[in-house]
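**Q** To be precise about what I am sending: the file is called model.cif and holds mmCIF, C-alpha atoms, pLDDT in the B column; chains and numbers go by the auth columns.
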```cif
data_protein
loop_
_atom_site.group_PDB
_atom_site.id
_atom_site.type_symbol
_atom_site.label_atom_id
_atom_site.label_comp_id
_atom_site.label_asym_id
_atom_site.label_seq_id
_atom_site.Cartn_x
_atom_site.Cartn_y
_atom_site.Cartn_z
_atom_site.B_iso_or_equiv
_atom_site.auth_seq_id
_atom_site.auth_asym_id
ATOM 1 C CA MET A 1 -39.420 114.618 115.693 47.00 1 B
ATOM 2 C CA SER A 2 -37.768 112.820 112.809 59.00 2 B
ATOM 3 C CA GLY A 3 -41.246 111.946 111.532 69.00 3 B
ATOM 4 C CA ARG A 4 -42.020 115.608 111.233 74.00 4 B
ATOM 5 C CA GLY A 5 -38.742 116.296 109.482 80.00 5 B
ATOM 6 C CA ARG A 6 -39.426 113.569 106.972 78.00 6 B
ATOM 7 C CA ARG A 7 -42.896 114.913 106.374 75.00 7 B
ATOM 8 C CA ASP A 8 -41.503 118.383 105.697 80.00 8 B
ATOM 9 C CA HIS A 9 -38.962 116.884 103.355 82.00 9 B
ATOM 10 C CA LYS A 10 -41.667 115.076 101.380 81.00 10 B
ATOM 11 C CA ALA A 11 -43.779 118.223 101.238 81.00 11 B
ATOM 12 C CA ALA A 12 -40.800 120.194 99.939 83.00 12 B
ATOM 13 C CA GLU A 13 -40.228 117.576 97.271 79.00 13 B
ATOM 14 C CA VAL A 14 -43.807 117.876 96.028 82.00 14 B
ATOM 15 C CA ARG A 15 -43.656 121.673 96.273 84.00 15 B
ATOM 16 C CA ARG A 16 -40.725 121.662 93.869 82.00 16 B
ATOM 17 C CA MET A 17 -42.821 119.696 91.383 83.00 17 B
ATOM 18 C CA LEU A 18 -45.457 122.441 91.507 82.00 18 B
ATOM 19 C CA GLU A 19 -42.999 125.231 90.876 81.00 19 B
ATOM 20 C CA THR A 20 -42.790 124.823 87.151 77.00 20 B
ATOM 21 C CA ASP A 21 -42.617 127.698 84.691 76.00 21 B
ATOM 22 C CA ARG A 22 -45.497 130.089 84.864 80.00 22 B
ATOM 23 C CA PRO A 23 -47.825 129.978 81.898 82.00 23 B
ATOM 24 C CA ALA A 24 -47.914 133.059 79.709 84.00 24 B
ATOM 25 C CA VAL A 25 -51.064 135.089 80.264 87.00 25 B
ATOM 26 C CA PRO A 26 -52.927 135.601 76.964 91.00 26 B
ATOM 27 C CA GLY A 27 -53.105 139.266 76.081 90.00 27 B
ATOM 28 C CA ASP A 28 -56.892 139.350 75.963 92.00 28 B
ATOM 29 C CA LEU A 29 -57.468 137.647 79.323 93.00 29 B
ATOM 30 C CA VAL A 30 -57.511 140.760 81.498 93.00 30 B
ATOM 31 C CA PRO A 31 -59.662 142.836 79.092 94.00 31 B
ATOM 32 C CA ARG A 32 -62.142 139.984 78.827 94.00 32 B
ATOM 33 C CA ALA A 33 -62.267 139.634 82.607 94.00 33 B
ATOM 34 C CA THR A 34 -62.781 143.396 82.979 93.00 34 B
ATOM 35 C CA GLU A 35 -65.566 143.383 80.413 94.00 35 B
ATOM 36 C CA LEU A 36 -67.306 140.477 82.152 95.00 36 B
ATOM 37 C CA GLY A 37 -66.808 142.191 85.522 94.00 37 B
ATOM 38 C CA VAL A 38 -68.424 145.392 84.243 94.00 38 B
ATOM 39 C CA ARG A 39 -71.398 143.357 82.994 96.00 39 B
ATOM 40 C CA LEU A 40 -71.709 141.541 86.341 95.00 40 B
ATOM 41 C CA LEU A 41 -71.605 144.835 88.219 94.00 41 B
ATOM 42 C CA HIS A 42 -74.254 146.415 85.990 95.00 42 B
ATOM 43 C CA ARG A 43 -76.503 143.397 86.319 96.00 43 B
ATOM 44 C CA ARG A 44 -76.121 143.403 90.098 95.00 44 B
ATOM 45 C CA ARG A 45 -76.922 147.120 90.271 95.00 45 B
ATOM 46 C CA ALA A 46 -79.984 146.662 88.066 97.00 46 B
ATOM 47 C CA VAL A 47 -81.279 143.890 90.329 97.00 47 B
ATOM 48 C CA HIS A 48 -80.765 146.108 93.388 96.00 48 B
ATOM 49 C CA ARG A 49 -82.582 148.973 91.720 97.00 49 B
ATOM 50 C CA VAL A 50 -85.554 146.766 90.873 98.00 50 B
ATOM 51 C CA LEU A 51 -85.742 145.356 94.401 98.00 51 B
ATOM 52 C CA TRP A 52 -85.609 148.804 96.021 98.00 52 B
ATOM 53 C CA THR A 53 -88.275 150.069 93.631 98.00 53 B
ATOM 54 C CA LEU A 54 -90.523 147.131 94.466 98.00 54 B
ATOM 55 C CA LEU A 55 -90.052 147.746 98.177 98.00 55 B
ATOM 56 C CA PHE A 56 -90.847 151.438 97.741 98.00 56 B
ATOM 57 C CA VAL A 57 -94.001 150.696 95.730 98.00 57 B
ATOM 58 C CA ALA A 58 -95.109 148.106 98.284 98.00 58 B
ATOM 59 C CA VAL A 59 -94.755 150.619 101.120 98.00 59 B
ATOM 60 C CA ILE A 60 -96.801 153.250 99.220 97.00 60 B
ATOM 61 C CA VAL A 61 -99.534 150.747 98.328 97.00 61 B
ATOM 62 C CA PHE A 62 -99.751 149.541 101.905 97.00 62 B
ATOM 63 C CA THR A 63 -99.919 153.075 103.284 96.00 63 B
ATOM 64 C CA VAL A 64 -102.708 154.102 100.903 97.00 64 B
ATOM 65 C CA TRP A 65 -104.661 150.916 101.558 96.00 65 B
ATOM 66 C CA ALA A 66 -104.286 151.267 105.338 95.00 66 B
ATOM 67 C CA SER A 67 -105.393 154.895 105.336 94.00 67 B
ATOM 68 C CA VAL A 68 -108.499 153.971 103.360 93.00 68 B
ATOM 69 C CA ALA A 69 -109.430 150.671 104.974 89.00 69 B
ATOM 70 C CA HIS A 70 -108.498 151.368 108.631 90.00 70 B
ATOM 71 C CA PRO A 71 -107.747 147.710 109.291 89.00 71 B
ATOM 72 C CA TRP A 72 -107.112 148.471 112.966 90.00 72 B
ATOM 73 C CA ALA A 73 -110.717 149.570 113.623 88.00 73 B
ATOM 74 C CA ALA A 74 -113.005 146.926 115.134 85.00 74 B
ATOM 75 C CA PRO A 75 -115.569 145.810 112.555 81.00 75 B
ATOM 76 C CA PRO A 76 -119.183 146.671 113.326 79.00 76 B
ATOM 77 C CA ALA A 77 -121.124 143.816 114.913 77.00 77 B
ATOM 78 C CA GLU A 78 -122.759 141.736 112.240 78.00 78 B
ATOM 79 C CA THR A 79 -125.099 139.708 114.460 78.00 79 B
ATOM 80 C CA THR A 80 -127.714 140.913 116.857 76.00 80 B
ATOM 81 C CA PRO A 81 -128.538 138.936 119.971 75.00 81 B
ATOM 82 C CA PRO A 82 -131.491 136.566 119.374 75.00 82 B
ATOM 83 C CA LEU A 83 -134.787 138.116 120.278 77.00 83 B
ATOM 84 C CA GLU A 84 -136.706 135.508 122.207 72.00 84 B
ATOM 85 C CA TRP A 85 -139.364 135.542 124.909 66.00 85 B
ATOM 86 C CA MET B 1 -65.357 156.091 90.495 75.00 1 H
ATOM 87 C CA ASP B 2 -65.723 153.510 87.736 82.00 2 H
ATOM 88 C CA ARG B 3 -62.548 154.692 86.112 88.00 3 H
ATOM 89 C CA ARG B 4 -60.604 154.493 89.363 88.00 4 H
ATOM 90 C CA ARG B 5 -61.875 150.969 89.949 89.00 5 H
ATOM 91 C CA ALA B 6 -60.949 149.896 86.436 89.00 6 H
ATOM 92 C CA ARG B 7 -57.462 151.384 86.812 91.00 7 H
ATOM 93 C CA GLU B 8 -56.819 149.699 90.162 92.00 8 H
ATOM 94 C CA PHE B 9 -58.230 146.405 88.955 93.00 9 H
ATOM 95 C CA GLU B 10 -56.164 146.374 85.797 91.00 10 H
ATOM 96 C CA ALA B 11 -52.994 147.103 87.740 93.00 11 H
ATOM 97 C CA PHE B 12 -53.826 144.230 90.079 94.00 12 H
ATOM 98 C CA ALA B 13 -54.723 141.814 87.277 93.00 13 H
ATOM 99 C CA ALA B 14 -51.603 142.648 85.283 91.00 14 H
ATOM 100 C CA GLY B 15 -49.446 141.937 88.333 92.00 15 H
ATOM 101 C CA ALA B 16 -51.195 138.867 89.697 93.00 16 H
ATOM 102 C CA GLY B 17 -52.472 137.318 86.454 92.00 17 H
ATOM 103 C CA GLY B 18 -49.444 135.103 85.821 92.00 18 H
ATOM 104 C CA ARG B 19 -49.392 133.582 89.263 93.00 19 H
ATOM 105 C CA LEU B 20 -53.165 133.156 89.345 94.00 20 H
ATOM 106 C CA LEU B 21 -53.133 131.452 85.950 94.00 21 H
ATOM 107 C CA HIS B 22 -50.452 129.078 87.225 93.00 22 H
ATOM 108 C CA VAL B 23 -52.574 128.314 90.286 94.00 23 H
ATOM 109 C CA ALA B 24 -55.622 127.803 88.071 93.00 24 H
ATOM 110 C CA ALA B 25 -53.754 125.409 85.761 91.00 25 H
ATOM 111 C CA LEU B 26 -52.479 123.425 88.757 91.00 26 H
ATOM 112 C CA LEU B 27 -56.018 123.289 90.134 92.00 27 H
ATOM 113 C CA THR B 28 -57.537 122.034 86.911 90.00 28 H
ATOM 114 C CA GLY B 29 -54.632 119.617 86.342 87.00 29 H
ATOM 115 C CA GLU B 30 -53.901 121.061 82.927 87.00 30 H
ATOM 116 C CA PRO B 31 -50.423 121.636 81.485 86.00 31 H
ATOM 117 C CA PRO B 32 -49.446 125.306 81.826 79.00 32 H
ATOM 118 C CA ASP B 33 -49.126 125.954 78.105 80.00 33 H
ATOM 119 C CA ALA B 34 -52.537 124.519 77.162 81.00 34 H
ATOM 120 C CA ALA B 35 -54.992 125.331 79.893 84.00 35 H
ATOM 121 C CA PRO B 36 -58.291 126.498 78.384 88.00 36 H
ATOM 122 C CA ARG B 37 -60.354 125.530 81.406 89.00 37 H
ATOM 123 C CA ALA B 38 -57.966 127.315 83.760 91.00 38 H
ATOM 124 C CA GLN B 39 -58.208 130.441 81.609 93.00 39 H
ATOM 125 C CA GLY B 40 -61.990 130.309 81.677 94.00 40 H
ATOM 126 C CA LEU B 41 -62.030 129.878 85.448 94.00 41 H
ATOM 127 C CA LEU B 42 -59.581 132.718 85.872 95.00 42 H
ATOM 128 C CA ILE B 43 -61.606 135.096 83.697 96.00 43 H
ATOM 129 C CA THR B 44 -64.699 134.437 85.812 96.00 44 H
ATOM 130 C CA ALA B 45 -62.770 134.701 89.084 96.00 45 H
ATOM 131 C CA LEU B 46 -61.217 138.016 88.021 96.00 46 H
ATOM 132 C CA ALA B 47 -64.572 139.322 86.797 96.00 47 H
ATOM 133 C CA ARG B 48 -66.163 138.597 90.164 95.00 48 H
ATOM 134 C CA THR B 49 -63.233 140.221 91.905 96.00 49 H
ATOM 135 C CA TYR B 50 -63.824 143.291 89.739 95.00 50 H
ATOM 136 C CA ALA B 51 -67.531 143.328 90.585 94.00 51 H
ATOM 137 C CA ASP B 52 -66.696 143.075 94.307 93.00 52 H
ATOM 138 C CA TRP B 53 -63.870 145.604 94.138 92.00 53 H
ATOM 139 C CA ASP B 54 -65.637 148.322 96.138 90.00 54 H
ATOM 140 C CA ARG B 55 -66.750 145.849 98.774 89.00 55 H
ATOM 141 C CA LEU B 56 -63.377 144.234 99.458 88.00 56 H
ATOM 142 C CA ARG B 57 -62.710 146.663 102.325 85.00 57 H
ATOM 143 C CA GLY B 58 -59.089 145.834 102.856 85.00 58 H
ATOM 144 C CA GLU B 59 -59.348 142.195 101.816 89.00 59 H
ATOM 145 C CA ASP B 60 -56.611 141.209 99.392 93.00 60 H
ATOM 146 C CA PRO B 61 -58.074 140.934 95.867 94.00 61 H
ATOM 147 C CA TYR B 62 -55.561 138.142 95.221 95.00 62 H
ATOM 148 C CA ASP B 63 -57.088 136.111 98.062 94.00 63 H
ATOM 149 C CA ARG B 64 -60.550 136.842 96.730 94.00 64 H
ATOM 150 C CA ALA B 65 -59.705 135.573 93.234 95.00 65 H
ATOM 151 C CA ARG B 66 -57.813 132.556 94.541 95.00 66 H
ATOM 152 C CA GLN B 67 -60.728 131.623 96.783 94.00 67 H
ATOM 153 C CA ASP B 68 -63.086 131.808 93.826 94.00 68 H
ATOM 154 C CA LEU B 69 -60.834 129.501 91.777 94.00 69 H
ATOM 155 C CA ALA B 70 -60.376 126.979 94.589 94.00 70 H
ATOM 156 C CA LEU B 71 -64.054 126.829 95.456 94.00 71 H
ATOM 157 C CA ARG B 72 -65.178 126.291 91.906 92.00 72 H
ATOM 158 C CA VAL B 73 -62.662 123.506 91.349 90.00 73 H
ATOM 159 C CA ALA B 74 -63.528 121.919 94.709 88.00 74 H
ATOM 160 C CA ARG B 75 -67.177 121.877 93.695 85.00 75 H
ATOM 161 C CA THR B 76 -66.382 119.846 90.590 79.00 76 H
ATOM 162 C CA ALA B 77 -65.460 117.039 92.994 68.00 77 H
ATOM 163 C CA TRP B 78 -69.182 116.338 92.894 67.00 78 H
ATOM 164 C CA HIS B 79 -69.241 116.095 89.104 66.00 79 H
ATOM 165 C CA PRO B 80 -68.027 112.595 88.325 61.00 80 H
ATOM 166 C CA TRP B 81 -68.872 113.068 84.660 59.00 81 H
ATOM 167 C CA ARG B 82 -66.200 115.713 84.185 62.00 82 H
ATOM 168 C CA ARG B 83 -63.401 114.363 82.058 62.00 83 H
ATOM 169 C CA ARG B 84 -60.213 113.827 83.985 66.00 84 H
ATOM 170 C CA PRO B 85 -57.210 115.918 82.926 67.00 85 H
ATOM 171 C CA THR B 86 -54.346 113.920 81.491 66.00 86 H
ATOM 172 C CA ALA B 87 -51.300 116.078 80.994 76.00 87 H
ATOM 173 C CA GLY B 88 -50.827 118.467 83.934 78.00 88 H
ATOM 174 C CA VAL B 89 -48.475 117.988 86.878 78.00 89 H
ATOM 175 C CA LEU B 90 -51.356 117.149 89.193 82.00 90 H
ATOM 176 C CA ALA B 91 -53.471 115.326 86.622 81.00 91 H
ATOM 177 C CA ARG B 92 -53.355 112.093 88.554 80.00 92 H
ATOM 178 C CA LEU B 93 -55.014 113.626 91.626 86.00 93 H
ATOM 179 C CA GLY B 94 -58.717 114.208 92.153 85.00 94 H
ATOM 180 C CA PRO B 95 -60.071 117.794 92.222 87.00 95 H
ATOM 181 C CA GLN B 96 -60.264 117.911 95.995 90.00 96 H
ATOM 182 C CA GLU B 97 -56.713 116.629 96.407 91.00 97 H
ATOM 183 C CA ARG B 98 -55.481 119.202 93.904 92.00 98 H
ATOM 184 C CA VAL B 99 -57.227 122.030 95.740 93.00 99 H
ATOM 185 C CA VAL B 100 -55.765 121.024 99.098 94.00 100 H
ATOM 186 C CA LEU B 101 -52.290 120.409 97.729 92.00 101 H
ATOM 187 C CA VAL B 102 -52.118 123.684 95.814 93.00 102 H
ATOM 188 C CA LEU B 103 -53.481 125.789 98.675 93.00 103 H
ATOM 189 C CA ARG B 104 -51.296 124.149 101.306 92.00 104 H
ATOM 190 C CA LEU B 105 -48.004 123.649 99.458 91.00 105 H
ATOM 191 C CA TYR B 106 -47.911 126.096 96.578 91.00 106 H
ATOM 192 C CA GLU B 107 -49.846 128.963 98.138 92.00 107 H
ATOM 193 C CA GLY B 108 -48.833 128.297 101.740 90.00 108 H
ATOM 194 C CA VAL B 109 -52.360 128.714 103.142 92.00 109 H
ATOM 195 C CA ALA B 110 -52.670 127.453 106.728 92.00 110 H
ATOM 196 C CA GLU B 111 -54.453 124.177 107.395 92.00 111 H
ATOM 197 C CA GLU B 112 -57.273 125.891 109.303 93.00 112 H
ATOM 198 C CA GLN B 113 -57.904 128.433 106.554 93.00 113 H
ATOM 199 C CA THR B 114 -57.852 125.739 103.878 93.00 114 H
ATOM 200 C CA ALA B 115 -60.344 123.712 105.886 94.00 115 H
ATOM 201 C CA ALA B 116 -62.617 126.723 106.397 93.00 116 H
ATOM 202 C CA LEU B 117 -62.406 127.657 102.734 91.00 117 H
ATOM 203 C CA ILE B 118 -63.514 124.305 101.362 90.00 118 H
ATOM 204 C CA GLY B 119 -65.755 123.455 104.294 91.00 119 H
ATOM 205 C CA LEU B 120 -64.052 120.328 105.628 92.00 120 H
ATOM 206 C CA PRO B 121 -62.726 119.473 109.088 94.00 121 H
ATOM 207 C CA VAL B 122 -59.036 120.192 109.658 94.00 122 H
ATOM 208 C CA GLU B 123 -58.203 116.498 110.171 94.00 123 H
ATOM 209 C CA ARG B 124 -59.756 115.694 106.829 93.00 124 H
ATOM 210 C CA VAL B 125 -57.663 118.362 105.101 93.00 125 H
ATOM 211 C CA ARG B 126 -54.543 116.965 106.768 93.00 126 H
ATOM 212 C CA ALA B 127 -55.408 113.448 105.610 93.00 127 H
ATOM 213 C CA ILE B 128 -56.158 114.563 102.033 93.00 128 H
ATOM 214 C CA CYS B 129 -52.890 116.489 101.911 92.00 129 H
ATOM 215 C CA ALA B 130 -50.851 113.528 103.188 91.00 130 H
ATOM 216 C CA ARG B 131 -52.526 111.209 100.714 90.00 131 H
ATOM 217 C CA ALA B 132 -51.942 113.610 97.831 91.00 132 H
ATOM 218 C CA ILE B 133 -48.265 113.999 98.772 89.00 133 H
ATOM 219 C CA SER B 134 -47.725 110.261 98.889 87.00 134 H
ATOM 220 C CA THR B 135 -49.488 109.839 95.541 87.00 135 H
ATOM 221 C CA MET B 136 -47.340 112.523 93.987 86.00 136 H
ATOM 222 C CA ARG B 137 -44.142 110.944 95.277 83.00 137 H
ATOM 223 C CA GLN B 138 -44.862 107.642 93.651 81.00 138 H
ATOM 224 C CA GLN B 139 -43.454 107.759 90.161 58.00 139 H
ATOM 225 C CA PRO B 140 -46.002 108.239 87.381 55.00 140 H
ATOM 226 C CA VAL B 141 -48.373 105.416 88.069 45.00 141 H
ATOM 227 C CA LEU B 142 -51.695 105.228 86.315 46.00 142 H
ATOM 228 C CA ARG B 143 -54.475 105.149 88.839 44.00 143 H
ATOM 229 C CA PRO B 144 -57.590 105.017 86.712 45.00 144 H
ATOM 230 C CA SER B 145 -59.913 104.408 89.637 43.00 145 H
ATOM 231 C CA ALA B 146 -58.716 107.345 91.706 42.00 146 H
ATOM 232 C CA GLY B 147 -61.230 109.863 90.425 42.00 147 H
ATOM 233 C CA ALA B 148 -64.203 107.584 90.867 43.00 148 H
ATOM 234 C CA ARG B 149 -63.283 106.652 94.419 42.00 149 H
ATOM 235 C CA ALA B 150 -66.091 107.402 96.869 42.00 150 H
ATOM 236 C CA VAL B 151 -64.844 110.041 99.277 42.00 151 H
ATOM 237 C CA GLY B 152 -66.821 109.124 102.337 41.00 152 H
ATOM 238 C CA SER B 153 -66.277 105.492 103.143 40.00 153 H
ATOM 239 C CA PRO B 154 -62.941 103.944 102.319 40.00 154 H
ATOM 240 C CA ASP B 155 -63.360 101.043 104.702 40.00 155 H
ATOM 241 C CA ALA B 156 -67.072 100.353 104.480 40.00 156 H
ATOM 242 C CA GLY B 157 -67.488 96.792 103.352 39.00 157 H
ATOM 243 C CA ALA B 158 -64.023 96.558 101.879 39.00 158 H
ATOM 244 C CA GLY B 159 -61.387 94.208 103.185 39.00 159 H
ATOM 245 C CA PRO B 160 -58.133 95.573 104.542 40.00 160 H
ATOM 246 C CA GLY B 161 -56.506 94.894 101.213 39.00 161 H
ATOM 247 C CA ALA B 162 -58.806 97.277 99.376 40.00 162 H
ATOM 248 C CA VAL B 163 -57.248 100.494 100.639 39.00 163 H
ATOM 249 C CA GLN B 164 -53.805 99.157 101.365 41.00 164 H
ATOM 250 C CA PRO B 165 -51.923 99.924 98.149 42.00 165 H
ATOM 251 C CA ARG B 166 -52.682 103.633 98.235 41.00 166 H
ATOM 252 C CA GLU B 167 -51.667 104.307 101.787 41.00 167 H
ATOM 253 C CA ALA B 168 -48.173 102.992 100.959 41.00 168 H
ATOM 254 C CA ARG B 169 -45.481 103.603 103.485 42.00 169 H
ATOM 255 C CA SER B 170 -45.317 107.062 104.927 40.00 170 H
#
```
Could you show the structure in this file as C-alpha cells?
**A**
Amino acid sequence: MSGRGRRDHKAAEVRRMLETDRPAVPGDLVPRATELGVRLLHRRRAVHRVLWTLLFVAVIVFTVWASVAHPWAAPPAETTPPLEW
Amino acid sequence: MDRRRAREFEAFAAGAGGRLLHVAALLTGEPPDAAPRAQGLLITALARTYADWDRLRGEDPYDRARQDLALRVARTAWHPWRRRPTAGVLARLGPQERVVLVLRLYEGVAEEQTAALIGLPVERVRAICARAISTMRQQPVLRPSAGARAVGSPDAGAGPGAVQPREARS
C-alpha cells in the first residue's frame, strides 16, 4: 500500500514539473492550420472523385465489352475428331 | 456546410490551441517560448482535425488532435538522426518516454488507452512511465546516451552493471 502511495507522490511531483506556463499561441497558427486543412480536404475530395470516376468508367467498359463478346458462351469447337479408317 | 465547419473548427482551435501547443512543446521537448517544431506539428494536427471534422461523429476533436501529435512524436523514436532537444522540461527524455509521460501524467489518459494509442503492451507503457518518472526526479543529470539506447534489449549481452545506474532506487 505504501508503495503505491509513494508512486503517486512521485508522479505528482513530476506532474508539477509539467505544469509550467502555457506558451502563447502565435496569432497566425489557427489561420494557417485552417488553410492547410481546407487544402487537405480539397485534395482528399479530388482523389475520391477520380477514384469514383475510374470505377464508373470501368463498369461501363466491362458492360459494353461483355455485351459484345458474350464471354459466357461456350466457344465453338476448334478441332474435329480425327478421320481414320 | 463549409462555413459551418470553419466556424466550429475555429471556435475549437481558439479554445484548445493554448493547451495543445503546451502538450506539443512538452512532446517535442522544446521550451514553451521557443517551440518551432511543436508549432509545426500542431498546425498539421489541427489541419487534419479540420479535414476530418465531418467524420468525427461525436469524437472529441481535442482527442483527435492530441492523438495526431502523440503518434507523430512517437514515430520519431525510430529516427535516431533527429537532433535531441536541449532546453525543454522533458528534453532529457527520449521521444517515447515523453509521449508516455505527457499522456499519462499531464493529460491523464488511462494506461490502456495510452498503450493502444502508441501500439505497445500495457506493461511496457507502465515500465516506460516508471523509468521516465525516476529520470525526471533525478536532478538535472546529463545522460548523453539515453537517446541512442536500444529499446528492445536492455539486458542482452550486458552485465548487470550496464543497466543498474538508470533503474536507481524506486
**Q** Evaluated on this file, the PyMOL selection byres ((chain H) within 10 of (chain B)) picks out some residues - which ones are they, written as a PyMOL selection string?
**A** chain H and resi 2+6+9-14+17-23+25-26+31-35+39-40+42-53+89-90+101-102+104-107+129-130+132-137+170
**Q** When you draw a straight line from atom CA of Gly58 of chain H to atom CA of Leu103 of chain H, how long is it in Å?
**A**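 Atom-to-atom, atom CA of Gly58 of chain H to atom CA of Leu103 of chain H, that is 21.2 Å.
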**Q** Quick one: distance from atom CA of Glu97 of chain H to atom CA of Ile128 of chain H in Å, one decimal?
**A**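 The value is 6.0 Å.
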**Q** Just the number, please: distance in Å from atom CA of Gly29 of chain H to atom CA of Gln67 of chain H, one decimal.
**A** 17.0 Å
**Q** Since I can't run it myself right now, could you work out what the PyMOL selection byres ((chain H and resi 28) around 8) selects here and report it as a compact mmCIF listing (two decimals) with C-alpha atoms, in the coordinates of the input?
**A**
```txt
# COMPACT_ATOMS: atom_id res chain seq x y z
CA ALA H 24 -55.62 127.80 88.07
CA ALA H 25 -53.75 125.41 85.76
CA LEU H 26 -52.48 123.42 88.76
CA LEU H 27 -56.02 123.29 90.13
CA GLY H 29 -54.63 119.62 86.34
CA GLU H 30 -53.90 121.06 82.93
CA ARG H 37 -60.35 125.53 81.41
CA ALA H 38 -57.97 127.32 83.76
CA VAL H 73 -62.66 123.51 91.35
CA PRO H 85 -57.21 115.92 82.93
CA ALA H 91 -53.47 115.33 86.62
CA PRO H 95 -60.07 117.79 92.22
CA ARG H 98 -55.48 119.20 93.90
```
